[in-house]
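Notes to accompany the following structure.
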There are 2 protein chains.
Amino acid sequence: MKIPGDDVIQLGHGSGGDLTNRLVREVFQHTFDNPILDELLDAAVLEVGGSRLAFTTDSFVVDPIFFPGGDIGKIAVCGTVNDLAVSGAEPLFLSAGFIIEEGFPIPDLRRIVRSMREAAERAGVRVVTGDTKVVGRGNADKVFINTAGIGVIPGGRRLSPRCMEPGDVVLVSGTMGDHGLAILAQREGLSFSTPVESDCAPLNRITAAVLEAGGDGVRCMRDPTRGGLATTLNELAGQSGRGILVKEELIPVRREVRGACEMLGIDPLYLANEGKLIAVVAPEKAEMVLKVMKSLPEGREAVEIGEVLSSDEGLVLLETELGATRILTMLEGEPLPRIC
Amino acid sequence: MKIPGDDVIQLGHGSGGDLTNRLVREVFQHTFDNPILDELLDAAVLEVGGSRLAFTTDSFVVDPIFFPGGDIGKIAVCGTVNDLAVSGAEPLFLSAGFIIEEGFPIPDLRRIVRSMREAAERAGVRVVTGDTKVVGRGNADKVFINTAGIGVIPGGRRLSPRCMEPGDVVLVSGTMGDHGLAILAQREGLSFSTPVESDCAPLNRITAAVLEAGGDGVRCMRDPTRGGLATTLNELAGQSGRGILVKEELIPVRREVRGACEMLGIDPLYLANEGKLIAVVAPEKAEMVLKVMKSLPEGREAVEIGEVLSSDEGLVLLETELGATRILTMLEGEPLPRIC
């Protein structure tokens with residue numbers, strides 16, 4: 001039976017959850033059909049002239065374009081830097097493509113571009129090529145930015161969910177859901193006594209520190225953006241073919257975020273993060289890696305949240321605060337469009 | 001005196017002409033401030049691990065998305081392949097970022113993606129990484145595609161307008177204005193007894209042939225997209241600090257394109273091309289390079305159209321069919337939005 005609307009793009013196709021995954025598999029992967037794309041990693045790994053490059057792209061359509069803790073320019077730089085960083089690459093160069101709606105204020109554009117430069121400086125990358133397109137009023141919403149990025153992966157380094165082994169430890173670098181909630185609060189006009197800011201930040205310093213401390217014991221890293229921690233863990237479980245168990249009480253969530261989520265009826269584990277790292281690490285390296293993460297400001301609240309199982313292949317299990325265990329699924333449908 | 005509307009983005013900021021150049025200089029270049037971006041070439045040239053890479057990006061917002069001779073998918077692949085090719089690189093890898101409007105038909109998306117695959121196969125490149133975002137109805141116009149591309153530049157090859165010398169010959173690979181007119185005709189509902197198709201095609205075979213035949217005698221290459229031949233020649237003149245003289249009677253323009261342009265009151269020299277090459281070549285290599293261009297289907301109508309002058313620094317002069325000489329300026333204002 002054909003579902004009405006099934007053959008048109010829905011907002012959920014951009015949510016980063018199950019609809020996005022189906023679209024990517026059925027339309028893009030199926031058509032482009034090549035082994036590099038098939039890996040579906042945060043960045044493609046390319047062999048070029050004896051070097052291993054990481055190459056990635058993201059378009060940013062976040063609404064609002066200015067939000068507590070950042071703006072579309074900062075997120076456009078950090079998002080791509082982070083996709084390179086979690087692939088084990090040293091991020092080096094970015095491109096920037098702007099699609100701007102007629103009538104957009106040039107002072108706002110300047111502010112966004114300055115914010116990109118600041119984020120690029122902080123991450124140690126350079127924006128080396130770009131493009132500007134303008135569309136008529138009503139044909140885009142203010143400004144969209146695409147960034148693509150190139151990084152270099154040191155020889156011999158191999159990070160992949162396929163390296164995950166039972167007993168490996170799952171670490172996160174800090175609180176979950178801050179970015180998603182900051183956007184949502186701004187959009188809904190919610191205010192808090194302690195405002196929640198987006199965590200938008202480059203991760204390449206912490207990924208480099210994790211790799212230095214953990215060496216071959218670092219199995220893979222991810223940044224839990226669209227779809228949040230729950231979706232990213234499901235991708236890791238699916239790609240590794242392993243089960244993952246995480247304990248709800250160990251997952252750090254700010255009090256204000258937890259409160260607002262309860263009020264709004266949403267789960268912080270599905271909220272996007274833009275400056276948080278998930279690392280899956282061999283048990284013998286976990287303590288050292290965690291120590292190094294905590295020594296950096298961006299990893300001060302790092303903790304162990306769970307482990308890789310020898311059973312429950314491909315599933316993510318959540319041990320709740322009440323001690324029960326349930327399956328934590330990927331994001332379904334479309335709760336939060338234009339979160340990044 | 002401040003001009004009303006001067007501080008907001010106008011359609012002309014995306015036309016590829018003088019307004020685009022000012023925006024790029026004053027907002028992007030000024031802020032990002034690095035020597036690679038300052039080159040303002042079609043692709044950035046990067047030194048990575050002993051290799052020289054070309055890296056470029058373009059966003060595509062062409063309206064209509066399906067047009068005679070191509071679609072937004074084909075142009076998204078060819079446009080980026082061509083920016084790499086004219087930089088002297090062998091194009092290798094592309095990224096693809098989609099921004100899709102809610103309600104867009106998935107069969108149309110499939111058609112576009114298939115067209116990207118076909119263009120990629122023809123050009124010998126692979127789409128290795130991608131991203132999909134969805135925005136609500138009315139927040140984008142159907143679909144926008146960004147592609148970024150990576151190519152390798154062989155050691156020792158140096159192409160730059162700065163290499164241009166008086167007496168160098170200006171070659172074009174075929175007729176001017178076909179793409180721009182095909183889009184315009186479709187948009188305005190014009191019909192011709194012989195339909196004009198977009199020339200949208202990858203240029204990397206012909207650029208490789210030109211470089212093989214011309215060696216060091218090839219000073220630089222460009223593809224005259226937004227703003228057309230006139231704008232691209234002005235960029236070459238400005239960046240080289242040389243004058244350029246072209247003869248109107250030598251510039252190939254299809255009869256139907258010329259006729260339609262007269263009717264519409266537009267100049268084909270300002271119409272975009274998406275599969276044409278401009279090459280500036282040392283005089284002693286010109287004959288050989290032209291012969292090689294003409295031997296390929298995509299260069300069958302290649303001709304010499306002019307030369308680099310020892311005077312008139314930075315200006316482009318057009319010798320008209322009546323024998324008079326006038327300055328051919330860069331595209332001013334905004335005649336044709338969303339041409340690519």
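Residues are referred to by chain and number: the chain letter is A, B, ... according to the order shown in the structure tokens, the number counts from 1 in that chain, and ligands are numbered separately from 1 in the order shown.
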
Counting only C-alpha atoms, which residues of chain B sit at most 7 Å from some atom of chain A, and what is each one's closest atom pair with its distance in Å to one decimal, listed by chain and rising residue number, as a tab-separated table?
```
residue	atom	partner	partner_atom	distance
B:Asp7	CA	A:Ile106	CA	5.3
B:Val8	CA	A:Pro105	CA	4.2
B:Ile9	CA	A:Gly103	CA	4.9
B:Gln10	CA	A:Glu102	CA	5.1
B:Leu11	CA	A:Val134	CA	5.6
B:His13	CA	A:Val134	CA	6.5
B:Gly14	CA	A:Val134	CA	4.6
B:Val27	CA	A:Arg110	CA	6.0
B:Phe28	CA	A:Val113	CA	6.8
B:Thr31	CA	A:Arg114	CA	6.2
B:Phe32	CA	A:Arg117	CA	5.8
B:Ile36	CA	A:Val128	CA	5.7
B:Leu37	CA	A:Val128	CA	4.6
B:Ala43	CA	A:Thr129	CA	6.7
B:Ala44	CA	A:Thr129	CA	5.8
B:Gly49	CA	A:Ser51	CA	6.0
B:Ser51	CA	A:Gly49	CA	6.0
B:Thr56	CA	A:Thr129	CA	5.9
B:Thr57	CA	A:Gly130	CA	5.9
B:Asp58	CA	A:Asp131	CA	5.4
B:Ser59	CA	A:Gly97	CA	6.0
B:Ser95	CA	A:Thr57	CA	6.3
B:Gly97	CA	A:Ser59	CA	6.0
B:Glu102	CA	A:Gln10	CA	5.1
B:Gly103	CA	A:Ile9	CA	4.9
B:Phe104	CA	A:Ile9	CA	5.1
B:Pro105	CA	A:Val8	CA	4.2
B:Ile106	CA	A:Val8	CA	5.0
B:Arg110	CA	A:Val27	CA	6.0
B:Val113	CA	A:Phe28	CA	6.8
B:Arg114	CA	A:Thr31	CA	6.2
B:Arg117	CA	A:Phe32	CA	5.8
B:Val127	CA	A:Phe32	CA	6.7
B:Val128	CA	A:Leu37	CA	4.6
B:Thr129	CA	A:Leu37	CA	5.7
B:Gly130	CA	A:Thr57	CA	5.9
B:Asp131	CA	A:Asp58	CA	5.4
B:Thr132	CA	A:Gly14	CA	6.1
B:Lys133	CA	A:Gly14	CA	4.6
B:Val134	CA	A:Gly14	CA	4.6
B:Val135	CA	A:Leu11	CA	6.5
B:Gly136	CA	A:Leu11	CA	6.6
B:Gly138	CA	A:Gly138	CA	6.4
B:Asn139	CA	A:Ala140	CA	4.8
B:Ala140	CA	A:Ala140	CA	4.1
B:Asp141	CA	A:Asn139	CA	4.9
B:Asn146	CA	A:Asn146	CA	6.9
B:Ala148	CA	A:Ala148	CA	6.4
B:Arg338	CA	A:Val135	CA	6.6
```

Members of range 24-185 of chain B assigned helix (DSSP H, G or I) by DSSP, as number ranges by chain: B: 24-32, 35-38, 72-86, 106-123, 161-163, 178-185

Please tabulate, as a tab-separated table, the residues of range 246-293 of chain A that come within 10 Å of range 166-174 of chain A, each with its closest pair of atoms and the distance in Å to one decimal, counting only C-alpha atoms and ordering rows by chain, then residue number upward.
```
residue	atom	partner	partner_atom	distance
A:Val246	CA	A:Val170	CA	8.0
A:Leu250	CA	A:Val172	CA	10.0
A:Ile251	CA	A:Val172	CA	8.1
A:Pro252	CA	A:Gly174	CA	6.4
A:Val253	CA	A:Gly174	CA	8.2
A:Arg254	CA	A:Gly174	CA	9.6
A:Asn273	CA	A:Gly174	CA	9.9
A:Gly275	CA	A:Ser173	CA	8.8
A:Lys276	CA	A:Ser173	CA	5.6
A:Leu277	CA	A:Ser173	CA	5.2
A:Ile278	CA	A:Val172	CA	4.6
A:Ala279	CA	A:Leu171	CA	5.2
A:Val280	CA	A:Val170	CA	4.6
A:Val281	CA	A:Val169	CA	5.2
A:Ala282	CA	A:Asp168	CA	4.6
A:Pro283	CA	A:Asp168	CA	5.2
A:Glu284	CA	A:Asp168	CA	8.8
A:Lys285	CA	A:Val169	CA	9.0
A:Ala286	CA	A:Val169	CA	6.5
A:Glu287	CA	A:Val169	CA	9.6
A:Val289	CA	A:Leu171	CA	8.9
A:Leu290	CA	A:Leu171	CA	7.4
A:Met293	CA	A:Ser173	CA	6.7
```
